[in-house]
$ cat model10.txt   # compact mmCIF, C-alpha atoms
# COMPACT_ATOMS: atom_id res chain seq x y z
CA MET A 1 -21.29 178.62 -98.66
CA ARG A 2 -23.70 175.82 -99.42
CA THR A 3 -24.75 173.49 -96.64
CA LEU A 4 -24.43 169.75 -96.16
CA SER A 5 -27.19 167.79 -94.40
CA VAL A 6 -27.46 164.14 -93.50
CA PHE A 7 -30.86 162.45 -93.95
CA GLU A 8 -31.18 158.94 -92.52
CA SER A 9 -34.04 156.56 -91.91
CA LEU A 10 -32.95 154.70 -88.78
CA SER A 11 -34.33 151.69 -86.96
CA LEU A 12 -35.06 152.29 -83.27
CA ASP A 13 -31.75 150.59 -82.53
CA GLY A 14 -29.93 153.06 -84.77
CA TYR A 15 -29.25 151.19 -88.01
CA PHE A 16 -29.72 152.52 -91.54
CA THR A 17 -29.26 149.08 -93.13
CA ASP A 18 -30.05 145.64 -91.77
CA ALA A 19 -27.47 142.85 -91.48
CA ARG A 20 -27.96 142.00 -95.20
CA ASN A 21 -27.34 145.63 -96.20
CA ASP A 22 -31.01 146.09 -97.09
CA MET A 23 -32.70 149.48 -96.66
CA GLY A 24 -36.13 148.39 -97.94
CA TRP A 25 -37.62 148.09 -94.41
CA ALA A 26 -37.31 151.89 -94.11
CA ARG A 27 -39.94 152.37 -96.82
CA ALA A 28 -42.68 150.95 -94.56
CA GLY A 29 -45.46 153.45 -93.96
CA GLY A 30 -44.93 155.20 -97.28
CA ASP A 31 -48.69 155.10 -97.81
CA ASP A 32 -49.27 157.58 -94.94
CA PRO A 33 -50.36 160.64 -97.00
CA GLU A 34 -48.81 163.12 -94.58
CA PHE A 35 -45.52 161.23 -94.59
CA ALA A 36 -45.58 160.86 -98.38
CA ALA A 37 -46.07 164.63 -98.67
CA PHE A 38 -43.17 165.22 -96.26
CA THR A 39 -40.87 162.94 -98.27
CA ALA A 40 -41.86 164.45 -101.61
CA GLU A 41 -41.42 167.98 -100.22
CA ASN A 42 -37.97 167.06 -98.92
CA ALA A 43 -36.91 165.70 -102.30
CA GLN A 44 -38.36 168.83 -103.94
CA GLY A 45 -35.90 171.01 -102.04
CA GLY A 46 -33.80 170.70 -105.18
CA GLY A 47 -30.51 169.91 -103.46
CA ALA A 48 -27.76 167.64 -104.65
CA LEU A 49 -27.67 164.09 -103.28
CA VAL A 50 -24.40 162.74 -101.89
CA PHE A 51 -23.55 159.04 -101.56
CA GLY A 52 -20.85 156.56 -100.76
CA ARG A 53 -20.47 153.74 -103.25
CA VAL A 54 -22.52 151.12 -101.39
CA THR A 55 -25.62 153.28 -100.94
CA TYR A 56 -25.22 154.72 -104.43
CA GLU A 57 -25.25 151.27 -106.02
CA MET A 58 -28.26 150.23 -103.94
CA MET A 59 -30.23 153.34 -104.89
CA ALA A 60 -29.10 153.27 -108.53
CA SER A 61 -30.43 149.72 -108.80
CA PHE A 62 -33.86 150.77 -107.47
CA TRP A 63 -34.95 154.30 -108.34
CA PRO A 64 -34.61 154.13 -112.15
CA THR A 65 -36.71 150.92 -112.33
CA PRO A 66 -40.39 150.62 -113.30
CA ALA A 67 -41.06 149.16 -109.81
CA ALA A 68 -39.91 152.41 -108.19
CA ALA A 69 -41.88 154.54 -110.67
CA GLN A 70 -44.98 152.53 -109.84
CA ALA A 71 -44.52 152.45 -106.04
CA MET A 72 -43.43 156.07 -105.54
CA PRO A 73 -43.75 157.99 -108.81
CA LYS A 74 -43.03 161.49 -107.42
CA VAL A 75 -40.07 160.51 -105.29
CA ALA A 76 -38.62 158.32 -108.06
CA ALA A 77 -38.81 161.18 -110.57
CA GLN A 78 -37.10 163.49 -108.11
CA MET A 79 -34.41 160.97 -107.13
CA ASN A 80 -33.62 160.33 -110.78
CA GLY A 81 -33.63 163.99 -111.75
CA LEU A 82 -31.64 165.54 -108.90
CA PRO A 83 -27.90 166.11 -109.30
CA LYS A 84 -25.96 163.36 -107.54
CA ILE A 85 -22.42 162.99 -106.23
CA VAL A 86 -20.85 159.61 -105.44
CA PHE A 87 -17.55 159.22 -103.60
CA SER A 88 -15.69 156.11 -104.70
CA ARG A 89 -12.13 155.08 -105.43
CA SER A 90 -13.20 151.81 -107.06
CA LEU A 91 -16.00 152.88 -109.43
CA THR A 92 -14.87 153.77 -112.96
CA ARG A 93 -18.25 155.10 -114.06
CA ALA A 94 -21.54 156.13 -112.47
CA ASP A 95 -24.39 155.79 -114.93
CA TRP A 96 -27.40 156.81 -112.86
CA GLN A 97 -28.73 159.97 -114.49
CA ASN A 98 -27.02 163.21 -113.47
CA THR A 99 -24.25 161.68 -111.30
CA ARG A 100 -20.79 163.10 -110.72
CA LEU A 101 -18.16 160.54 -109.63
CA ILE A 102 -15.53 161.89 -107.22
CA LYS A 103 -12.38 159.88 -106.55
CA ALA A 104 -10.66 162.34 -104.23
CA HIS A 105 -10.84 161.88 -100.42
CA PRO A 106 -14.37 162.78 -99.28
CA VAL A 107 -13.18 165.29 -96.65
CA THR A 108 -10.94 167.20 -99.06
CA ALA A 109 -13.51 167.03 -101.83
CA MET A 110 -16.40 168.12 -99.60
CA ARG A 111 -14.45 171.15 -98.35
CA ALA A 112 -14.01 172.21 -101.96
CA LEU A 113 -17.62 171.41 -102.91
CA LYS A 114 -19.01 173.50 -100.05
CA ALA A 115 -16.97 176.48 -101.23
CA GLU A 116 -18.25 176.13 -104.81
CA PRO A 117 -21.54 177.75 -105.83
CA GLY A 118 -24.38 175.24 -106.20
CA PRO A 119 -27.40 173.73 -104.49
CA ASN A 120 -27.35 172.57 -100.88
CA MET A 121 -26.30 168.95 -100.44
CA VAL A 122 -27.90 165.99 -98.65
CA ILE A 123 -26.22 162.69 -97.81
CA LEU A 124 -28.55 159.67 -97.79
CA GLY A 125 -27.45 156.41 -96.12
CA SER A 126 -23.69 156.15 -96.77
CA GLY A 127 -22.43 155.39 -93.26
CA THR A 128 -18.74 155.53 -94.13
CA ILE A 129 -19.11 158.96 -95.73
CA VAL A 130 -21.30 160.31 -92.91
CA SER A 131 -18.73 159.19 -90.31
CA MET A 132 -15.87 160.84 -92.21
CA LEU A 133 -17.64 164.11 -92.95
CA ALA A 134 -19.28 164.42 -89.53
CA GLY A 135 -15.92 163.66 -87.90
CA ALA A 136 -14.39 166.51 -89.91
CA GLY A 137 -17.13 168.92 -88.80
CA LEU A 138 -18.50 169.30 -92.32
CA VAL A 139 -22.14 168.34 -91.60
CA ASP A 140 -24.43 171.31 -90.95
CA GLU A 141 -27.62 169.42 -90.09
CA PHE A 142 -28.62 165.87 -89.18
CA GLN A 143 -32.15 164.70 -90.06
CA PHE A 144 -33.24 161.35 -88.66
CA VAL A 145 -36.47 159.46 -89.28
CA TYR A 146 -36.89 156.80 -86.61
CA VAL A 147 -38.79 153.91 -88.20
CA PRO A 148 -40.78 151.84 -85.65
CA VAL A 149 -38.76 148.69 -86.19
CA VAL A 150 -35.98 146.94 -84.27
CA LEU A 151 -33.40 145.27 -86.54
CA GLY A 152 -31.03 143.73 -83.99
CA ALA A 153 -28.05 144.17 -86.32
CA GLY A 154 -26.95 146.37 -89.20
CA ARG A 155 -24.79 149.39 -89.96
CA THR A 156 -25.00 152.74 -88.18
CA PRO A 157 -24.20 155.97 -90.02
CA PHE A 158 -21.60 156.75 -87.34
CA GLU A 159 -19.56 153.58 -87.40
CA GLY A 160 -15.98 154.19 -86.44
CA ASN A 161 -16.71 157.63 -84.95
CA ASP A 162 -14.48 157.47 -81.93
CA HIS A 163 -15.65 160.58 -80.16
CA ARG A 164 -18.94 161.71 -78.67
CA THR A 165 -20.82 164.40 -80.60
CA THR A 166 -23.47 166.46 -78.85
CA LEU A 167 -26.25 167.77 -81.06
CA ARG A 168 -29.01 170.34 -80.65
CA LEU A 169 -32.63 169.46 -81.47
CA LEU A 170 -33.99 172.00 -83.98
CA GLY A 171 -37.42 170.49 -84.57
CA GLN A 172 -39.40 167.28 -84.59
CA ARG A 173 -42.51 165.69 -86.05
CA ALA A 174 -44.47 162.50 -85.50
CA PHE A 175 -46.36 160.72 -88.27
CA ARG A 176 -49.38 158.40 -88.20
CA ASN A 177 -47.26 155.64 -89.68
CA GLY A 178 -45.30 155.66 -86.42
CA LYS A 179 -42.22 157.41 -87.76
CA LEU A 180 -40.58 160.08 -85.60
CA PHE A 181 -38.55 162.78 -87.33
CA GLY A 182 -35.90 164.89 -85.61
CA ARG A 183 -33.68 167.65 -87.01
CA TYR A 184 -30.38 168.35 -85.23
CA ALA A 185 -27.52 170.81 -85.54
CA PRO A 186 -23.99 170.03 -84.34
CA GLY A 187 -23.04 171.55 -80.98
CA ALA A 188 -24.95 171.60 -77.71
CA MET B 1 -51.31 139.73 -65.40
CA ARG B 2 -48.79 142.45 -64.67
CA THR B 3 -46.99 144.15 -67.51
CA LEU B 4 -43.33 144.44 -68.44
CA SER B 5 -42.00 147.64 -70.01
CA VAL B 6 -38.55 148.55 -71.25
CA PHE B 7 -37.31 152.10 -70.58
CA GLU B 8 -34.09 153.10 -72.31
CA SER B 9 -32.20 156.32 -72.81
CA LEU B 10 -30.60 155.87 -76.21
CA SER B 11 -28.06 157.86 -78.18
CA LEU B 12 -29.20 158.88 -81.66
CA ASP B 13 -27.15 155.96 -82.97
CA GLY B 14 -29.05 153.56 -80.74
CA TYR B 15 -26.73 152.84 -77.81
CA PHE B 16 -27.67 152.72 -74.13
CA THR B 17 -24.03 152.63 -72.99
CA ASP B 18 -20.94 154.07 -74.59
CA ALA B 19 -17.87 151.98 -75.49
CA ARG B 20 -16.66 152.19 -71.85
CA ASN B 21 -19.99 150.93 -70.54
CA ASP B 22 -20.86 154.37 -69.18
CA MET B 23 -24.49 155.58 -69.04
CA GLY B 24 -23.71 158.97 -67.48
CA TRP B 25 -24.06 160.87 -70.79
CA ALA B 26 -27.79 160.02 -70.73
CA ARG B 27 -28.30 162.25 -67.68
CA ALA B 28 -27.55 165.38 -69.74
CA GLY B 29 -30.45 167.81 -69.75
CA GLY B 30 -31.70 166.68 -66.34
CA ASP B 31 -32.06 170.34 -65.37
CA ASP B 32 -34.93 170.84 -67.87
CA PRO B 33 -37.82 171.23 -65.39
CA GLU B 34 -40.35 169.58 -67.70
CA PHE B 35 -38.04 166.64 -68.28
CA ALA B 36 -37.23 166.35 -64.57
CA ALA B 37 -40.97 166.23 -63.82
CA PHE B 38 -41.45 163.55 -66.49
CA THR B 39 -38.65 161.42 -65.02
CA ALA B 40 -39.88 161.81 -61.46
CA GLU B 41 -43.44 160.99 -62.52
CA ASN B 42 -42.22 157.88 -64.32
CA ALA B 43 -40.34 156.68 -61.26
CA GLN B 44 -43.39 157.48 -59.13
CA GLY B 45 -45.41 154.90 -61.08
CA GLY B 46 -44.41 152.56 -58.28
CA GLY B 47 -43.44 149.61 -60.46
CA ALA B 48 -40.68 147.13 -59.86
CA LEU B 49 -37.35 147.71 -61.59
CA VAL B 50 -35.74 144.84 -63.50
CA PHE B 51 -32.02 144.60 -64.31
CA GLY B 52 -29.30 142.39 -65.69
CA ARG B 53 -26.17 142.19 -63.56
CA VAL B 54 -24.11 144.80 -65.43
CA THR B 55 -26.71 147.58 -65.29
CA TYR B 56 -27.65 146.60 -61.72
CA GLU B 57 -24.07 146.96 -60.51
CA MET B 58 -23.72 150.29 -62.31
CA MET B 59 -26.92 151.66 -60.79
CA ALA B 60 -26.26 150.18 -57.35
CA SER B 61 -22.92 152.00 -57.30
CA PHE B 62 -24.58 155.34 -58.08
CA TRP B 63 -28.10 155.79 -56.70
CA PRO B 64 -27.43 155.08 -53.01
CA THR B 65 -24.53 157.61 -52.91
CA PRO B 66 -24.61 161.16 -51.53
CA ALA B 67 -23.70 162.40 -55.04
CA ALA B 68 -26.93 160.97 -56.44
CA ALA B 69 -28.98 162.32 -53.53
CA GLN B 70 -27.55 165.76 -54.19
CA ALA B 71 -27.84 165.73 -57.98
CA MET B 72 -31.32 164.18 -58.26
CA PRO B 73 -32.86 163.84 -54.79
CA LYS B 74 -36.35 162.77 -55.88
CA VAL B 75 -35.25 160.24 -58.46
CA ALA B 76 -32.58 158.85 -56.12
CA ALA B 77 -35.11 158.33 -53.31
CA GLN B 78 -37.45 156.56 -55.72
CA MET B 79 -34.73 154.40 -57.29
CA ASN B 80 -33.54 153.33 -53.86
CA GLY B 81 -37.04 152.69 -52.52
CA LEU B 82 -38.64 150.79 -55.40
CA PRO B 83 -38.62 146.99 -55.42
CA LYS B 84 -35.85 145.68 -57.68
CA ILE B 85 -35.17 142.40 -59.44
CA VAL B 86 -31.74 141.45 -60.76
CA PHE B 87 -31.11 138.47 -63.02
CA SER B 88 -27.66 136.98 -62.47
CA ARG B 89 -26.06 133.57 -62.30
CA SER B 90 -22.82 134.95 -60.91
CA LEU B 91 -23.97 137.27 -58.11
CA THR B 92 -24.26 135.65 -54.70
CA ARG B 93 -25.89 138.65 -53.04
CA ALA B 94 -27.55 141.90 -54.09
CA ASP B 95 -27.33 144.49 -51.34
CA TRP B 96 -28.98 147.53 -52.92
CA GLN B 97 -32.08 148.18 -50.83
CA ASN B 98 -35.15 146.12 -51.71
CA THR B 99 -33.52 143.86 -54.34
CA ARG B 100 -34.51 140.31 -55.21
CA LEU B 101 -31.78 138.22 -56.86
CA ILE B 102 -33.04 135.69 -59.41
CA LYS B 103 -30.70 132.96 -60.67
CA ALA B 104 -33.17 131.15 -62.93
CA HIS B 105 -33.19 131.81 -66.70
CA PRO B 106 -34.69 135.27 -67.31
CA VAL B 107 -37.32 134.01 -69.78
CA THR B 108 -38.61 131.25 -67.49
CA ALA B 109 -38.46 133.51 -64.45
CA MET B 110 -40.19 136.42 -66.18
CA ARG B 111 -43.05 134.19 -67.36
CA ALA B 112 -43.60 133.20 -63.74
CA LEU B 113 -43.18 136.77 -62.44
CA LYS B 114 -45.77 138.13 -64.87
CA ALA B 115 -48.29 135.57 -63.64
CA GLU B 116 -47.70 136.51 -59.98
CA PRO B 117 -49.60 139.39 -58.42
CA GLY B 118 -47.50 142.52 -57.94
CA PRO B 119 -46.63 145.89 -59.43
CA ASN B 120 -45.91 146.39 -63.12
CA MET B 121 -42.27 145.93 -64.07
CA VAL B 122 -39.80 148.14 -65.92
CA ILE B 123 -36.43 147.09 -67.31
CA LEU B 124 -33.79 149.83 -67.37
CA GLY B 125 -30.63 149.42 -69.48
CA SER B 126 -29.77 145.69 -69.31
CA GLY B 127 -29.29 144.95 -73.01
CA THR B 128 -28.81 141.22 -72.59
CA ILE B 129 -32.03 140.88 -70.62
CA VAL B 130 -34.00 143.14 -73.00
CA SER B 131 -32.86 141.06 -75.98
CA MET B 132 -33.86 137.80 -74.29
CA LEU B 133 -37.24 138.96 -73.01
CA ALA B 134 -38.18 140.89 -76.16
CA GLY B 135 -37.17 137.88 -78.25
CA ALA B 136 -39.51 135.72 -76.15
CA GLY B 137 -42.39 138.17 -76.66
CA LEU B 138 -42.52 139.10 -72.98
CA VAL B 139 -42.17 142.89 -73.35
CA ASP B 140 -45.49 144.77 -73.41
CA GLU B 141 -44.17 148.26 -74.06
CA PHE B 142 -40.93 149.89 -75.20
CA GLN B 143 -40.16 153.42 -74.03
CA PHE B 144 -37.19 155.15 -75.62
CA VAL B 145 -35.71 158.55 -74.81
CA TYR B 146 -33.47 159.66 -77.67
CA VAL B 147 -30.70 161.79 -76.17
CA PRO B 148 -29.25 164.32 -78.67
CA VAL B 149 -25.81 162.75 -78.72
CA VAL B 150 -23.95 160.48 -81.12
CA LEU B 151 -21.68 157.96 -79.37
CA GLY B 152 -20.17 156.13 -82.36
CA ALA B 153 -19.87 152.89 -80.37
CA GLY B 154 -21.53 151.17 -77.43
CA ARG B 155 -24.13 148.52 -76.62
CA THR B 156 -27.66 148.42 -78.01
CA PRO B 157 -30.49 146.94 -75.94
CA PHE B 158 -31.23 144.55 -78.81
CA GLU B 159 -27.80 143.04 -79.33
CA GLY B 160 -28.03 139.51 -80.68
CA ASN B 161 -31.69 139.87 -81.68
CA ASP B 162 -31.60 137.99 -84.94
CA HIS B 163 -35.03 138.88 -86.23
CA ARG B 164 -36.77 142.10 -87.19
CA THR B 165 -39.46 143.34 -84.79
CA THR B 166 -42.06 145.81 -85.96
CA LEU B 167 -43.47 148.12 -83.30
CA ARG B 168 -46.40 150.49 -83.11
CA LEU B 169 -45.96 154.10 -81.95
CA LEU B 170 -48.32 154.79 -79.03
CA GLY B 171 -47.25 158.32 -78.19
CA GLN B 172 -44.37 160.75 -78.27
CA ARG B 173 -43.07 163.87 -76.63
CA ALA B 174 -40.26 166.35 -77.26
CA PHE B 175 -38.44 168.19 -74.48
CA ARG B 176 -36.58 171.51 -74.45
CA ASN B 177 -33.38 169.70 -73.52
CA GLY B 178 -33.55 168.10 -76.97
CA LYS B 179 -34.66 164.67 -75.83
CA LEU B 180 -37.33 162.88 -77.89
CA PHE B 181 -39.51 160.31 -76.13
CA GLY B 182 -41.42 157.56 -77.93
CA ARG B 183 -43.67 154.80 -76.55
CA TYR B 184 -44.11 151.66 -78.64
CA ALA B 185 -46.10 148.43 -78.42
CA PRO B 186 -44.98 145.22 -80.11
CA GLY B 187 -46.74 144.40 -83.39
CA ALA B 188 -47.43 146.63 -86.37
$ encode --input "model10.txt" --output "structure tokens"
Amino acid sequence: MRTLSVFESLSLDGYFTDARNDMGWARAGGDDPEFAAFTAENAQGGGALVFGRVTYEMMASFWPTPAAAQAMPKVAAQMNGLPKIVFSRSLTRADWQNTRLIKAHPVTAMRALKAEPGPNMVILGSGTIVSMLAGAGLVDEFQFVYVPVVLGAGRTPFEGNDHRTTLRLLGQRAFRNGKLFGRYAPGA
Amino acid sequence: MRTLSVFESLSLDGYFTDARNDMGWARAGGDDPEFAAFTAENAQGGGALVFGRVTYEMMASFWPTPAAAQAMPKVAAQMNGLPKIVFSRSLTRADWQNTRLIKAHPVTAMRALKAEPGPNMVILGSGTIVSMLAGAGLVDEFQFVYVPVVLGAGRTPFEGNDHRTTLRLLGQRAFRNGKLFGRYAPGA
């Protein structure tokens, strides 16, 4: 059974996007060599990336561009090359290289995907999808990078979760750029 | 000039209270001896505690009780003994031992308080007050304990902050109970 992880850069007040749906603030500190190595290593894991439509469209409009290739060449190459899954009822096509568009309900589809052979999967951003899949107990690991910024408003990856979920800290790391990383498994 | 710190136990999604205004979930893991020592040491700093009305009333209804004395005797004794300030326009009295009630606007009052001689100050909880004072540049240090729990809904200590604030990580610590602690100063 392949695993599903969630990887989120969060502000200290828990948001993965700001009030204008921007995620660019999370890239601050990318010039910390240790952090850059950590990010590149993560992307190198070779998993499949999973998105909701909103995050997919945001990422698809950034990573294939020359700006991304110039700013973060290794990560951009990996993001573009990795297999990708986007959940959307409204999209009719998904043109970012190596993307599979899934129109079925994310919970049903993810149950089937986890049972299929294939690489481990990582959700990036995609609050609506994270809430649904976490609520259904389908997330095996949560990875949060706390960016040293307070946004005041934005979207959390757990919006609409109406029950408390206790997690277990598996490991943590601090970076010179001020980012704190924590890995969590479901269940106390 | 005395300093003003903010100390918050936050859920991984950034809330200091849950949707029912409860902060009790943040006490999980209090039986970790290293964490208990850290908490007691913090309270021992001898500062003054600063609250908004909502957090004040919540704490005033817990710490002076036999239940608190039994569950966390050291912390309870310190919480009850320390000088306390509560900002409220609606309260007419504040009976929790050693409390000063301030009816003036928190920003004006805090500017004056910081210029007075006296112990350093720490805000606990009190989202409305944190937002106001942080927005006015009056907070010298932010201390966050990330509790390994996802609440899905609640109040953040930065509600209504309409601008992005970049902070600088000063130090961090991880505890066996799964709590991650980070200390931050304003300014990148």
$ closest_residue --input "model10.txt" --among "B:Thr3, B:Asn120, B:Thr156, B:Gln143" --to "Leu170 of chain B" --atoms "only C-alpha atoms"
B:Gln143
$ atom_distance --input "model10.txt" --atom1 "atom CA of Leu113 of chain A" --atom2 "atom CA of Ala76 of chain A"
25.3 Å
$ closest_residue --input "model10.txt" --among "B:Val145, B:Ala115, B:Met72, B:Ala185" --to "Leu169 of chain B" --atoms "only C-alpha atoms"
B:Ala185
$ residues_near_point --input "model10.txt" --point "(-34.4, 142.2, -93.3)" --cutoff "12 Å" --atoms "all atoms listed in the file" --output "PDB file with C-alpha atoms, in the coordinates of the input"
ATOM      1  CA  SER A  11     -34.330 151.690 -86.960  1.00  0.00           C
ATOM      2  CA  TYR A  15     -29.250 151.190 -88.010  1.00  0.00           C
ATOM      3  CA  PHE A  16     -29.720 152.520 -91.540  1.00  0.00           C
ATOM      4  CA  THR A  17     -29.260 149.080 -93.130  1.00  0.00           C
ATOM      5  CA  ASP A  18     -30.050 145.640 -91.770  1.00  0.00           C
ATOM      6  CA  ALA A  19     -27.470 142.850 -91.480  1.00  0.00           C
ATOM      7  CA  ARG A  20     -27.960 142.000 -95.200  1.00  0.00           C
ATOM      8  CA  ASN A  21     -27.340 145.630 -96.200  1.00  0.00           C
ATOM      9  CA  ASP A  22     -31.010 146.090 -97.090  1.00  0.00           C
ATOM     10  CA  MET A  23     -32.700 149.480 -96.660  1.00  0.00           C
ATOM     11  CA  GLY A  24     -36.130 148.390 -97.940  1.00  0.00           C
ATOM     12  CA  TRP A  25     -37.620 148.090 -94.410  1.00  0.00           C
ATOM     13  CA  ALA A  26     -37.310 151.890 -94.110  1.00  0.00           C
ATOM     14  CA  VAL A 149     -38.760 148.690 -86.190  1.00  0.00           C
ATOM     15  CA  VAL A 150     -35.980 146.940 -84.270  1.00  0.00           C
ATOM     16  CA  LEU A 151     -33.400 145.270 -86.540  1.00  0.00           C
ATOM     17  CA  GLY A 152     -31.030 143.730 -83.990  1.00  0.00           C
ATOM     18  CA  ALA A 153     -28.050 144.170 -86.320  1.00  0.00           C
ATOM     19  CA  GLY A 154     -26.950 146.370 -89.200  1.00  0.00           C
TER      20      GLY A 154
ATOM     21  CA  ASP B 162     -31.600 137.990 -84.940  1.00  0.00           C
ATOM     22  CA  HIS B 163     -35.030 138.880 -86.230  1.00  0.00           C
ATOM     23  CA  ARG B 164     -36.770 142.100 -87.190  1.00  0.00           C
ATOM     24  CA  THR B 165     -39.460 143.340 -84.790  1.00  0.00           C
ATOM     25  CA  THR B 166     -42.060 145.810 -85.960  1.00  0.00           C
TER      26      THR B 166
END
$ closest_residue --input "model10.txt" --among "A:Arg183, A:Pro33, A:Gln70, A:Phe87" --to "Arg168 of chain A" --atoms "only C-alpha atoms"
A:Arg183
$ closest_residue --input "model10.txt" --among "A:Val86, A:Ala37, A:Leu167, A:Ala77" --to "Pro148 of chain B" --atoms "all atoms listed in the file"
A:Leu167
$ closest_residue --input "model10.txt" --among "A:Met132, A:Asn161, A:Asn177, A:Trp96" --to "chain B" --atoms "all atoms listed in the file"
A:Asn161
$ closest_residue --input "model10.txt" --among "A:Phe7, A:Phe158, A:Phe38, A:Phe142" --to "chain B" --atoms "all atoms listed in the file"
A:Phe158
$ atom_distance --input "model10.txt" --atom1 "atom CA of Gly137 of chain B" --atom2 "atom CA of Leu180 of chain A"
23.7 Å
$ atom_distance --input "model10.txt" --atom1 "atom CA of Pro186 of chain A" --atom2 "atom CA of Ile85 of chain A"
23.0 Å
$ residues_near_point --input "model10.txt" --point "(-37.1, 130.4, -72.4)" --cutoff "7 Å" --atoms "all atoms listed in the file" --output "PyMOL selection string"
chain B and resi 107-108+136
$ write_last_selection --input "model10.txt" --atoms "C-alpha atoms" --output "compact mmCIF listing (two decimals), keeping the file's coordinate frame"
# COMPACT_ATOMS: atom_id res chain seq x y z
CA VAL B 107 -37.32 134.01 -69.78
CA THR B 108 -38.61 131.25 -67.49
CA ALA B 136 -39.51 135.72 -76.15
$ residues_around --input "model10.txt" --residues "Asp31 of chain B" --least-positions-apart "3" --cutoff "12 Å" --atoms "only C-alpha atoms" --output "list in words"
Arg27, Ala28, Glu34, Phe35, Ala36, Ala37, Phe38, Thr39, Ala71, Met72, Phe175, Arg176, Asn177 and Gly178 of chain B
$ write_last_selection --input "model10.txt" --atoms "C-alpha atoms" --output "compact mmCIF listing (two decimals), in the coordinates of the input"
# COMPACT_ATOMS: atom_id res chain seq x y z
CA ARG B 27 -28.30 162.25 -67.68
CA ALA B 28 -27.55 165.38 -69.74
CA GLU B 34 -40.35 169.58 -67.70
CA PHE B 35 -38.04 166.64 -68.28
CA ALA B 36 -37.23 166.35 -64.57
CA ALA B 37 -40.97 166.23 -63.82
CA PHE B 38 -41.45 163.55 -66.49
CA THR B 39 -38.65 161.42 -65.02
CA ALA B 71 -27.84 165.73 -57.98
CA MET B 72 -31.32 164.18 -58.26
CA PHE B 175 -38.44 168.19 -74.48
CA ARG B 176 -36.58 171.51 -74.45
CA ASN B 177 -33.38 169.70 -73.52
CA GLY B 178 -33.55 168.10 -76.97
$ residues_around --input "model10.txt" --residues "Pro64 of chain B" --least-positions-apart "4" --cutoff "7 Å" --atoms "all atoms listed in the file" --output "mmCIF file with C-alpha atoms, in the coordinates of the input"
data_model
loop_
_atom_site.group_PDB
_atom_site.id
_atom_site.type_symbol
_atom_site.label_atom_id
_atom_site.label_comp_id
_atom_site.auth_asym_id
_atom_site.auth_seq_id
_atom_site.Cartn_x
_atom_site.Cartn_y
_atom_site.Cartn_z
ATOM 1 C CA ALA B 60 -26.260 150.180 -57.350
ATOM 2 C CA ALA B 68 -26.930 160.970 -56.440
ATOM 3 C CA ASN B 80 -33.540 153.330 -53.860
#
$ axis_aligned_box --input "model10.txt" --around "segment 96-106 of chain A" --padding-each-side "6 Å" --output "AutoDock Vina command-line options"
--center_x -19.7 --center_y 160.0 --center_z -106.9 --size_x 30.1 --size_y 18.4 --size_z 27.2
$ residues_around --input "model10.txt" --residues "Met1 of chain B" --least-positions-apart "6" --cutoff "12 Å" --atoms "all atoms listed in the file" --output "list of chain:residue names"
B:Met110, B:Arg111, B:Ala112, B:Leu113, B:Lys114, B:Ala115, B:Glu116, B:Pro117, B:Gly118, B:Pro119, B:Asn120, B:Met121, B:Leu138, B:Asp140
$ write_last_selection --input "model10.txt" --atoms "C-alpha atoms" --output "short mmCIF file (atom, residue, chain, number, x, y, z; two decimals), in the frame of the given file"
data_model
loop_
_atom_site.label_atom_id
_atom_site.label_comp_id
_atom_site.auth_asym_id
_atom_site.auth_seq_id
_atom_site.Cartn_x
_atom_site.Cartn_y
_atom_site.Cartn_z
CA MET B 110 -40.19 136.42 -66.18
CA ARG B 111 -43.05 134.19 -67.36
CA ALA B 112 -43.60 133.20 -63.74
CA LEU B 113 -43.18 136.77 -62.44
CA LYS B 114 -45.77 138.13 -64.87
CA ALA B 115 -48.29 135.57 -63.64
CA GLU B 116 -47.70 136.51 -59.98
CA PRO B 117 -49.60 139.39 -58.42
CA GLY B 118 -47.50 142.52 -57.94
CA PRO B 119 -46.63 145.89 -59.43
CA ASN B 120 -45.91 146.39 -63.12
CA MET B 121 -42.27 145.93 -64.07
CA LEU B 138 -42.52 139.10 -72.98
CA ASP B 140 -45.49 144.77 -73.41
#
$ build_atoms --input "model10.txt" --residues "segment 60-66 of chain B" --atoms "N, CA and C atoms" --output "PDB file, in the frame of the given file"
ATOM      1  N   ALA B  60     -26.438 150.377 -58.793  1.00  0.00           N
ATOM      2  CA  ALA B  60     -26.260 150.180 -57.350  1.00  0.00           C
ATOM      3  C   ALA B  60     -25.051 150.951 -56.839  1.00  0.00           C
ATOM      4  N   SER B  61     -24.108 151.245 -57.730  1.00  0.00           N
ATOM      5  CA  SER B  61     -22.920 152.000 -57.300  1.00  0.00           C
ATOM      6  C   SER B  61     -23.159 153.496 -57.392  1.00  0.00           C
ATOM      7  N   PHE B  62     -24.317 153.906 -57.947  1.00  0.00           N
ATOM      8  CA  PHE B  62     -24.580 155.340 -58.080  1.00  0.00           C
ATOM      9  C   PHE B  62     -25.730 155.825 -57.198  1.00  0.00           C
ATOM     10  N   TRP B  63     -26.908 155.222 -57.329  1.00  0.00           N
ATOM     11  CA  TRP B  63     -28.100 155.790 -56.700  1.00  0.00           C
ATOM     12  C   TRP B  63     -28.066 155.873 -55.171  1.00  0.00           C
ATOM     13  N   PRO B  64     -27.445 154.937 -54.479  1.00  0.00           N
ATOM     14  CA  PRO B  64     -27.430 155.080 -53.010  1.00  0.00           C
ATOM     15  C   PRO B  64     -26.389 156.083 -52.503  1.00  0.00           C
ATOM     16  N   THR B  65     -25.614 156.735 -53.375  1.00  0.00           N
ATOM     17  CA  THR B  65     -24.530 157.610 -52.910  1.00  0.00           C
ATOM     18  C   THR B  65     -25.025 159.027 -52.627  1.00  0.00           C
ATOM     19  N   PRO B  66     -24.275 159.749 -51.789  1.00  0.00           N
ATOM     20  CA  PRO B  66     -24.610 161.160 -51.530  1.00  0.00           C
ATOM     21  C   PRO B  66     -24.611 161.989 -52.818  1.00  0.00           C
TER      22      PRO B  66
END
